[in-house]
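In what follows, a single structure is set out as structure tokens and then discussed.
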Amino acid sequence: MNKKLIYLDNNATTPCDPRVIEAMTPYFYELHGNAASRNHPFGWRSEEAVDYAREQIANLIQVDPKEIIFTSGATEADNLALKGVYEMYSRKGNHIITLETEHKAVLDSCKKIEKMGGEVTYLKVDRLGRVNLQELEDAIKDTTILVSIMWANNETGVIQDMKAIGEICARKGVLFMSDATQAVGKIPTFPKEMGIHLMAFTAHKMYGPKGVGALFVNRKNPRVKVTSQMDGGGHERGMRSGTLNVPGIVGFGKAAEIAAKEMESENQRLAGLRDKLEKALVDKLEETYVNGDVDNRMAHVTNLSFKHVEGEGLMMTFNQEIGVSSGSACTSASLEPSYVLIALGLGDDLAHSSIRFSLGRFTTEEEIDYTIDQIVNGVNHMRDLSPIWEMYKEGVDLDSIVWEEH
Ligand SMILES: *Cc1c(COP(=O)(O)O)cnc(C)c1O
């Protein structure tokens with residue numbers, strides 16, 4: 001049988017839609033001008049293309065095009081929002097609130113802000129991955145300037161109650177920022193409806209190119225400003241200097257236009273495929289658990305733990321063919337369980353035995369059927385080899401065993 005490659009890691013990055021590539025292509029050569037060249041047609045054409053893309057993106061999230069600041073991606077947009085607000089609003093206060101389950105781009109920016117003298121509260125989430133609204137409200141104090149809460153989690157797909165969070169922030173008079181990277185282009189994400197003042201997202205998670213993203217910055221009621229983190233020519237209303245990535249921005253715009261049109265039907269298709277995959281694995285494999293809030297979740301994501309099966313090892317049984325992500329991250333010396341799953345209250349064992357499947361626009365039903373077979377075989381194979389699984393099947397209470405330390 002010829003080996004096929006199946007990509008189920010769309011939360012890590014998505015392939016470029018061919019329509020996006022087609023839109024971008026002319027801007028590498030024929031239309032190569034610098035959008036900041038104000039005095040000749042090469043520059044004008046690129047500027048027009050950027051303006052058009054800005055409108056396409058603004059349209060997707062229902063904001064004014066002037067409120068879109070282009071960046072190199074969501075990491076940069078998160079950095080700009082957090083550090084930029086911290087610097088700009090330092091006279092008002094130095095306290096920021098975020099979640100333990102945020103992306104590293106947010107968490108590490110917050111760590112840097114702490115080093116610069118700021119104070120950061122990292123809120124816990126519940127077993128389903130959701131923030132407790134009362135705890136959030138109680139954490140806001142006089143010195144709080146910003147609440148930063150992601151729209152949808154990259155590992156579990158869990159969606160937060162953005163509207164309720166926005167209302168709390170409005171009532172308390174603090175700015176609300178969201179890393180919406182995993183949500184934009186997949187579900188309706190209208191920051192103005194949610195009371196969000198700053199929102200980070202990126203093209204390569206929504207079938208656009210890598211290396212281009214945006215920060216939405218609210219311009220009216222209130223007029224929000226961020227201190228630039230990149231000094232130079234004063235591009236993007238002074239908030240982000242640097243020559244614009246014109247082909248990337250054109251592709252980003254096209255990706256936004258496609259997403260706005262196709263999101264609804266695509267979500268139905270993806271939910272069908274995701275549910276088929278999830279149900280088959282849970283039904284066919286005992287001791288399989290779904291991680292995160294299944295009632296508030298992105299349609300294309302399922303994060304599963306296969307008890308007593310080490311995720312990285314399981315992946316080796318099929319990763320020549322299927323690209324997924326495990327709930328462990330290789331740090332310098334050891335395999336660390338996912339901090340997101342640990343924050344949900346999973347033990348190390350269940351966190352280590354998790355796999356994230358993230359489907360996408362180009363996932364087919366045939367691929368899902370094949371994946372089900374491969375995962376079922378892989379898990380059964382691993383368990384057949386596992387002394388722990390054998391003990392579990394024999395009814396040994398594994399929690400009562402005291403393992404020897406080496
Ligand atoms: C991918 C991702 C980022 C980083 O985006 P880049 O454009 O790759 O820098 C930030 N936040 C979340 C939630 C993500 O999934």
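By convention here, the chains of the structure tokens are called A, B, ... in the order presented, each chain's residues are numbered starting at 1, and ligands are numbered starting at 1 in the order presented.
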
As an mmCIF file with N, CA and C atoms, in the first residue's frame, please: every protein or nucleic acid residue near ligand 1 (cut-off 8 Å, counting only C-alpha atoms and all ligand atoms).
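As written to disk, out17.cif reads:
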```
data_model
loop_
_atom_site.group_PDB
_atom_site.id
_atom_site.type_symbol
_atom_site.label_atom_id
_atom_site.label_comp_id
_atom_site.auth_asym_id
_atom_site.auth_seq_id
_atom_site.Cartn_x
_atom_site.Cartn_y
_atom_site.Cartn_z
ATOM 1 N N ASN A 11 -3.832 23.303 13.993
ATOM 2 C CA ASN A 11 -3.673 24.355 15.001
ATOM 3 C C ASN A 11 -2.219 24.810 15.104
ATOM 4 N N ALA A 12 -1.305 24.006 14.552
ATOM 5 C CA ALA A 12 0.102 24.423 14.531
ATOM 6 C C ALA A 12 0.341 25.372 13.367
ATOM 7 N N THR A 13 -0.210 25.020 12.238
ATOM 8 C CA THR A 13 -0.209 25.903 11.078
ATOM 9 C C THR A 13 -1.083 25.261 10.021
ATOM 10 N N SER A 72 4.321 40.781 12.145
ATOM 11 C CA SER A 72 4.901 39.582 11.533
ATOM 12 C C SER A 72 4.150 38.313 11.949
ATOM 13 N N GLY A 73 3.166 38.433 12.799
ATOM 14 C CA GLY A 73 2.414 37.258 13.231
ATOM 15 C C GLY A 73 1.748 37.536 14.562
ATOM 16 N N ALA A 74 1.162 36.484 15.126
ATOM 17 C CA ALA A 74 0.451 36.668 16.391
ATOM 18 C C ALA A 74 1.409 36.845 17.561
ATOM 19 N N THR A 75 2.566 36.214 17.495
ATOM 20 C CA THR A 75 3.540 36.398 18.578
ATOM 21 C C THR A 75 3.883 37.876 18.711
ATOM 22 N N GLU A 76 4.190 38.506 17.592
ATOM 23 C CA GLU A 76 4.532 39.925 17.646
ATOM 24 C C GLU A 76 3.324 40.762 18.075
ATOM 25 N N ALA A 77 2.136 40.396 17.597
ATOM 26 C CA ALA A 77 0.935 41.154 17.969
ATOM 27 C C ALA A 77 0.669 41.036 19.473
ATOM 28 N N ASP A 78 0.872 39.842 20.026
ATOM 29 C CA ASP A 78 0.707 39.656 21.474
ATOM 30 C C ASP A 78 1.723 40.503 22.241
ATOM 31 N N GLU A 102 -2.778 30.356 28.620
ATOM 32 C CA GLU A 102 -2.485 31.166 27.433
ATOM 33 C C GLU A 102 -1.325 30.593 26.639
ATOM 34 N N HIS A 103 -1.207 31.054 25.406
ATOM 35 C CA HIS A 103 -0.062 30.699 24.568
ATOM 36 C C HIS A 103 1.212 31.326 25.137
ATOM 37 N N LYS A 104 2.342 30.699 24.844
ATOM 38 C CA LYS A 104 3.629 31.226 25.341
ATOM 39 C C LYS A 104 3.887 32.673 24.911
ATOM 40 N N ALA A 105 3.353 33.055 23.772
ATOM 41 C CA ALA A 105 3.573 34.442 23.315
ATOM 42 C C ALA A 105 3.000 35.434 24.326
ATOM 43 N N VAL A 106 1.914 35.053 24.970
ATOM 44 C CA VAL A 106 1.316 35.904 26.004
ATOM 45 C C VAL A 106 2.040 35.691 27.338
ATOM 46 N N MET A 150 -7.377 34.579 26.005
ATOM 47 C CA MET A 150 -7.457 34.061 24.643
ATOM 48 C C MET A 150 -8.888 33.675 24.297
ATOM 49 N N ALA A 152 -9.878 31.265 21.918
ATOM 50 C CA ALA A 152 -9.969 29.798 21.862
ATOM 51 C C ALA A 152 -8.587 29.227 22.120
ATOM 52 N N ASN A 153 -8.549 28.163 22.891
ATOM 53 C CA ASN A 153 -7.243 27.594 23.244
ATOM 54 C C ASN A 153 -6.682 26.747 22.113
ATOM 55 N N ASN A 154 -5.390 26.859 21.890
ATOM 56 C CA ASN A 154 -4.750 26.126 20.796
ATOM 57 C C ASN A 154 -4.668 24.624 21.050
ATOM 58 N N ASP A 179 -5.896 37.167 22.620
ATOM 59 C CA ASP A 179 -5.170 36.424 21.597
ATOM 60 C C ASP A 179 -6.225 35.538 20.928
ATOM 61 N N ALA A 180 -6.654 35.969 19.752
ATOM 62 C CA ALA A 180 -7.753 35.260 19.074
ATOM 63 C C ALA A 180 -7.235 34.437 17.896
ATOM 64 N N THR A 181 -5.961 34.107 17.950
ATOM 65 C CA THR A 181 -5.298 33.427 16.838
ATOM 66 C C THR A 181 -6.023 32.166 16.381
ATOM 67 N N GLN A 182 -6.542 31.408 17.342
ATOM 68 C CA GLN A 182 -7.174 30.139 16.967
ATOM 69 C C GLN A 182 -8.642 30.298 16.594
ATOM 70 N N ALA A 200 -5.193 39.954 18.827
ATOM 71 C CA ALA A 200 -4.071 39.462 18.026
ATOM 72 C C ALA A 200 -4.494 38.240 17.215
ATOM 73 N N PHE A 201 -4.009 38.181 15.976
ATOM 74 C CA PHE A 201 -4.271 36.995 15.154
ATOM 75 C C PHE A 201 -3.241 36.902 14.039
ATOM 76 N N THR A 202 -3.286 35.782 13.296
ATOM 77 C CA THR A 202 -2.224 35.531 12.324
ATOM 78 C C THR A 202 -2.757 34.817 11.089
ATOM 79 N N ALA A 203 -2.093 35.063 9.959
ATOM 80 C CA ALA A 203 -2.582 34.514 8.687
ATOM 81 C C ALA A 203 -2.396 33.001 8.588
ATOM 82 N N HIS A 204 -1.282 32.490 9.139
ATOM 83 C CA HIS A 204 -0.960 31.085 8.850
ATOM 84 C C HIS A 204 -1.790 30.074 9.624
ATOM 85 N N LYS A 205 -2.677 30.556 10.493
ATOM 86 C CA LYS A 205 -3.612 29.632 11.150
ATOM 87 C C LYS A 205 -4.965 29.648 10.442
ATOM 88 N N LYS A 210 2.671 32.223 6.250
ATOM 89 C CA LYS A 210 3.374 32.426 7.519
ATOM 90 C C LYS A 210 4.093 33.774 7.509
ATOM 91 N N GLY A 211 4.286 34.326 8.690
ATOM 92 C CA GLY A 211 5.089 35.553 8.781
ATOM 93 C C GLY A 211 4.291 36.832 8.639
ATOM 94 N N VAL A 212 2.982 36.755 8.751
ATOM 95 C CA VAL A 212 2.185 37.986 8.741
ATOM 96 C C VAL A 212 0.984 37.813 9.673
ATOM 97 N N GLY A 213 0.755 38.821 10.457
ATOM 98 C CA GLY A 213 -0.358 38.790 11.398
ATOM 99 C C GLY A 213 -0.864 40.197 11.617
#
```

> Can you list, as an MDAnalysis selection string, every protein, DNA or RNA residue that comes within 9 Å of Asp126 in chain A when you count only C-alpha atoms, leaving out same-chain residues fewer than 2 positions away?
Replying inline: chainID A and resid 124 128:132 343:345

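Between Ala36 in chain A and the residues A:His197, A:Met316, A:Cys169, A:Ala49, the shortest atom-to-atom distance, using only C-alpha atoms, involves A:Ala49.
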
> Restricting the calculation to only C-alpha atoms, which member of A:Gln229, A:Asn291, A:Ser358, A:Ser37 is positioned closest to Asp9 in chain A?
Replying inline: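 Comparing A:Gln229, A:Asn291, A:Ser358, A:Ser37 against Asp9 in chain A, the winner is A:Ser358.
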
>> List the spatial neighbours of range 255-261 of chain A as number ranges by chain - criterion: any atom at most 7 Å away, only C-alpha atoms, same-chain residues fewer than 4 positions off excluded.
In response: A: 20, 56-57, 60, 185-186, 206-208, 251

>> Just checking: using only C-alpha atoms, which residue out of A:Val246, A:Leu314, A:Met24, A:Ile355 ends up closest to Phe70 in chain A?
In response: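 Distance minimum relative to Phe70 in chain A lands on A:Val246.
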
> Do you have the CA of Ile187 in chain A-CA of Pro18 in chain A distance handy?
Replying inline: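 Straight-line distance from CA of Ile187 in chain A to CA of Pro18 in chain A works out to 21.3 Å.
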
> Tell me, which residues of range 14-164 of chain A carry DSSP helix (DSSP H, G or I), written as a ChimeraX atom specification?
Replying inline: /A:18-28,41-61,65-67,74-88,104-115,133-139,162-164

Take the residues from that selection and write them out as a JSON list (two decimals), in the first residue's frame, keeping C-alpha atoms.
```
[["chain", "number", "residue", "atom", "x", "y", "z"],
["A", 18, "PRO", "CA", -4.35, 27.83, -3.47],
["A", 19, "ARG", "CA", -6.59, 30.88, -3.97],
["A", 20, "VAL", "CA", -4.39, 32.73, -1.48],
["A", 21, "ILE", "CA", -1.22, 31.76, -3.32],
["A", 22, "GLU", "CA", -2.73, 32.93, -6.59],
["A", 23, "ALA", "CA", -3.59, 36.32, -5.09],
["A", 24, "MET", "CA", -0.10, 36.75, -3.63],
["A", 25, "THR", "CA", 1.98, 35.71, -6.62],
["A", 26, "PRO", "CA", 2.04, 38.99, -8.61],
["A", 27, "TYR", "CA", 3.30, 40.88, -5.57],
["A", 28, "PHE", "CA", 6.63, 39.09, -5.54],
["A", 41, "PRO", "CA", 3.28, 54.00, -9.22],
["A", 42, "PHE", "CA", 5.19, 50.98, -7.86],
["A", 43, "GLY", "CA", 4.59, 52.20, -4.35],
["A", 44, "TRP", "CA", 1.03, 53.31, -5.05],
["A", 45, "ARG", "CA", 0.02, 49.92, -6.37],
["A", 46, "SER", "CA", 1.41, 48.15, -3.34],
["A", 47, "GLU", "CA", -0.26, 50.64, -1.06],
["A", 48, "GLU", "CA", -3.57, 50.01, -2.83],
["A", 49, "ALA", "CA", -3.12, 46.28, -2.40],
["A", 50, "VAL", "CA", -2.40, 46.71, 1.31],
["A", 51, "ASP", "CA", -5.44, 48.98, 1.70],
["A", 52, "TYR", "CA", -7.62, 46.39, 0.02],
["A", 53, "ALA", "CA", -6.31, 43.57, 2.24],
["A", 54, "ARG", "CA", -6.81, 45.74, 5.29],
["A", 55, "GLU", "CA", -10.46, 46.10, 4.28],
["A", 56, "GLN", "CA", -10.86, 42.37, 3.73],
["A", 57, "ILE", "CA", -9.46, 41.67, 7.19],
["A", 58, "ALA", "CA", -11.44, 44.48, 8.84],
["A", 59, "ASN", "CA", -14.54, 43.08, 7.21],
["A", 60, "LEU", "CA", -13.92, 39.62, 8.64],
["A", 61, "ILE", "CA", -13.80, 40.97, 12.20],
["A", 65, "PRO", "CA", -9.64, 49.19, 8.55],
["A", 66, "LYS", "CA", -7.71, 51.91, 10.40],
["A", 67, "GLU", "CA", -7.85, 49.69, 13.48],
["A", 74, "ALA", "CA", 0.45, 36.67, 16.39],
["A", 75, "THR", "CA", 3.54, 36.40, 18.58],
["A", 76, "GLU", "CA", 4.53, 39.93, 17.65],
["A", 77, "ALA", "CA", 0.94, 41.15, 17.97],
["A", 78, "ASP", "CA", 0.71, 39.66, 21.47],
["A", 79, "ASN", "CA", 4.03, 41.26, 22.45],
["A", 80, "LEU", "CA", 2.95, 44.61, 21.04],
["A", 81, "ALA", "CA", -0.41, 44.54, 22.79],
["A", 82, "LEU", "CA", 0.88, 43.49, 26.21],
["A", 83, "LYS", "CA", 4.15, 45.41, 26.39],
["A", 84, "GLY", "CA", 2.70, 48.31, 24.42],
["A", 85, "VAL", "CA", -0.22, 48.72, 26.83],
["A", 86, "TYR", "CA", 2.05, 48.21, 29.83],
["A", 87, "GLU", "CA", 4.28, 51.07, 28.72],
["A", 88, "MET", "CA", 1.52, 53.35, 27.44],
["A", 104, "LYS", "CA", 3.63, 31.23, 25.34],
["A", 105, "ALA", "CA", 3.57, 34.44, 23.31],
["A", 106, "VAL", "CA", 1.32, 35.90, 26.00],
["A", 107, "LEU", "CA", 2.82, 34.14, 29.02],
["A", 108, "ASP", "CA", 6.41, 35.00, 28.14],
["A", 109, "SER", "CA", 5.49, 38.61, 27.38],
["A", 110, "CYS", "CA", 3.91, 38.73, 30.83],
["A", 111, "LYS", "CA", 7.05, 37.24, 32.37],
["A", 112, "LYS", "CA", 9.07, 40.00, 30.71],
["A", 113, "ILE", "CA", 6.64, 42.62, 32.01],
["A", 114, "GLU", "CA", 7.13, 41.24, 35.54],
["A", 115, "LYS", "CA", 10.88, 41.69, 35.08],
["A", 133, "LEU", "CA", -15.81, 34.88, 35.92],
["A", 134, "GLN", "CA", -16.13, 35.70, 39.59],
["A", 135, "GLU", "CA", -12.44, 35.02, 40.15],
["A", 136, "LEU", "CA", -11.64, 37.27, 37.21],
["A", 137, "GLU", "CA", -13.78, 40.08, 38.58],
["A", 138, "ASP", "CA", -12.28, 39.70, 42.05],
["A", 139, "ALA", "CA", -8.76, 39.86, 40.63],
["A", 162, "MET", "CA", -15.78, 36.54, 25.66],
["A", 163, "LYS", "CA", -18.99, 38.52, 26.00],
["A", 164, "ALA", "CA", -19.17, 38.02, 29.77]]
```

> Which one of A:Ser241, A:Asn380, A:Ser148, A:Thr101 sits closest to His308 in chain A if you count only C-alpha atoms?
Replying inline: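 Ranked by minimum distance to His308 in chain A, first place goes to A:Asn380.
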
>> Just list as a list of chain:residue names whatever in range 64-157 of chain A DSSP marks as strand (DSSP E).
In response: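 Reading the DSSP output for range 64-157 of chain A, strand (DSSP E) covers A:Ile68, A:Ile69, A:Phe70, A:Thr71, A:His95, A:Ile96, A:Ile97, A:Thr98, A:Leu99, A:Glu119, A:Val120, A:Thr121, A:Tyr122, A:Leu123, A:Thr144, A:Ile145, A:Leu146, A:Val147, A:Ser148.
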
> If you measure from CA of His40 in chain A to CA of Met230 in chain A, what distance in Å do you get, rounded to one decimal?
Replying inline: 26.4 Å

Contacts of Ser354 in chain A at 10 Å (only C-alpha atoms; same-chain gap of 3+ positions) as an mmCIF file with C-alpha atoms, in the first residue's frame:
```
data_model
loop_
_atom_site.group_PDB
_atom_site.id
_atom_site.type_symbol
_atom_site.label_atom_id
_atom_site.label_comp_id
_atom_site.auth_asym_id
_atom_site.auth_seq_id
_atom_site.Cartn_x
_atom_site.Cartn_y
_atom_site.Cartn_z
ATOM 1 C CA THR A 288 -10.125 7.250 26.389
ATOM 2 C CA TYR A 289 -11.032 10.732 27.582
ATOM 3 C CA VAL A 290 -11.872 14.004 25.849
ATOM 4 C CA ASN A 291 -10.014 16.969 27.334
ATOM 5 C CA ASN A 303 -7.834 16.578 22.422
ATOM 6 C CA LEU A 304 -7.887 12.993 23.686
ATOM 7 C CA SER A 305 -6.067 11.116 26.417
ATOM 8 C CA PHE A 306 -5.531 7.372 25.968
ATOM 9 C CA LYS A 307 -4.902 6.181 29.484
ATOM 10 C CA VAL A 309 -0.424 5.029 26.590
ATOM 11 C CA GLU A 310 2.456 7.452 26.301
ATOM 12 C CA GLY A 311 1.509 9.999 23.639
ATOM 13 C CA GLU A 312 4.972 10.459 22.146
ATOM 14 C CA LEU A 314 1.958 6.332 20.313
ATOM 15 C CA SER A 325 0.489 16.905 18.159
ATOM 16 C CA SER A 326 1.110 15.269 21.510
ATOM 17 C CA GLY A 327 0.430 16.805 24.906
ATOM 18 C CA SER A 328 4.090 16.724 25.802
ATOM 19 C CA PRO A 337 3.560 17.330 30.067
ATOM 20 C CA SER A 338 1.485 20.100 28.529
ATOM 21 C CA LEU A 341 -3.628 20.105 30.332
ATOM 22 C CA ASP A 349 -0.059 10.440 33.225
ATOM 23 C CA LEU A 350 -3.173 11.623 31.384
ATOM 24 C CA ALA A 351 -1.395 14.736 30.135
ATOM 25 C CA PHE A 357 -6.133 16.283 16.468
#
```

>> Let me make sure I understand: among A:Ile342, A:Gly313, A:Leu244, A:Ile168, which one has the smallest atom-to-atom distance to Leu385 in chain A if we use only C-alpha atoms?
In response: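 Ranked by minimum distance to Leu385 in chain A, first place goes to A:Gly313.
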
> Which polymer residues have any atom within 12 Å of an atom of Lys220 in chain A, counting only C-alpha atoms, with same-chain residues fewer than 3 positions away left out, as JSON, numbers by chain?
Replying inline: {"A": [63, 64, 66, 67, 192, 195, 197, 217, 223, 224, 225]}

Only C-alpha atoms, please: the residues just picked out, written as a CSV table (one decimal), in the first residue's frame.
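Below is the file part.csv, written as the result:
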```csv
chain,number,residue,atom,x,y,z
A,63,VAL,CA,-13.9,46.8,12.5
A,64,ASP,CA,-12.6,49.9,10.9
A,66,LYS,CA,-7.7,51.9,10.4
A,67,GLU,CA,-7.8,49.7,13.5
A,192,LYS,CA,-16.6,45.3,19.2
A,195,GLY,CA,-15.9,44.7,24.3
A,197,HIS,CA,-10.0,46.6,22.7
A,217,VAL,CA,-6.5,48.3,18.2
A,223,ARG,CA,-9.2,55.4,21.9
A,224,VAL,CA,-6.5,52.8,22.7
A,225,LYS,CA,-2.8,53.3,22.1
```
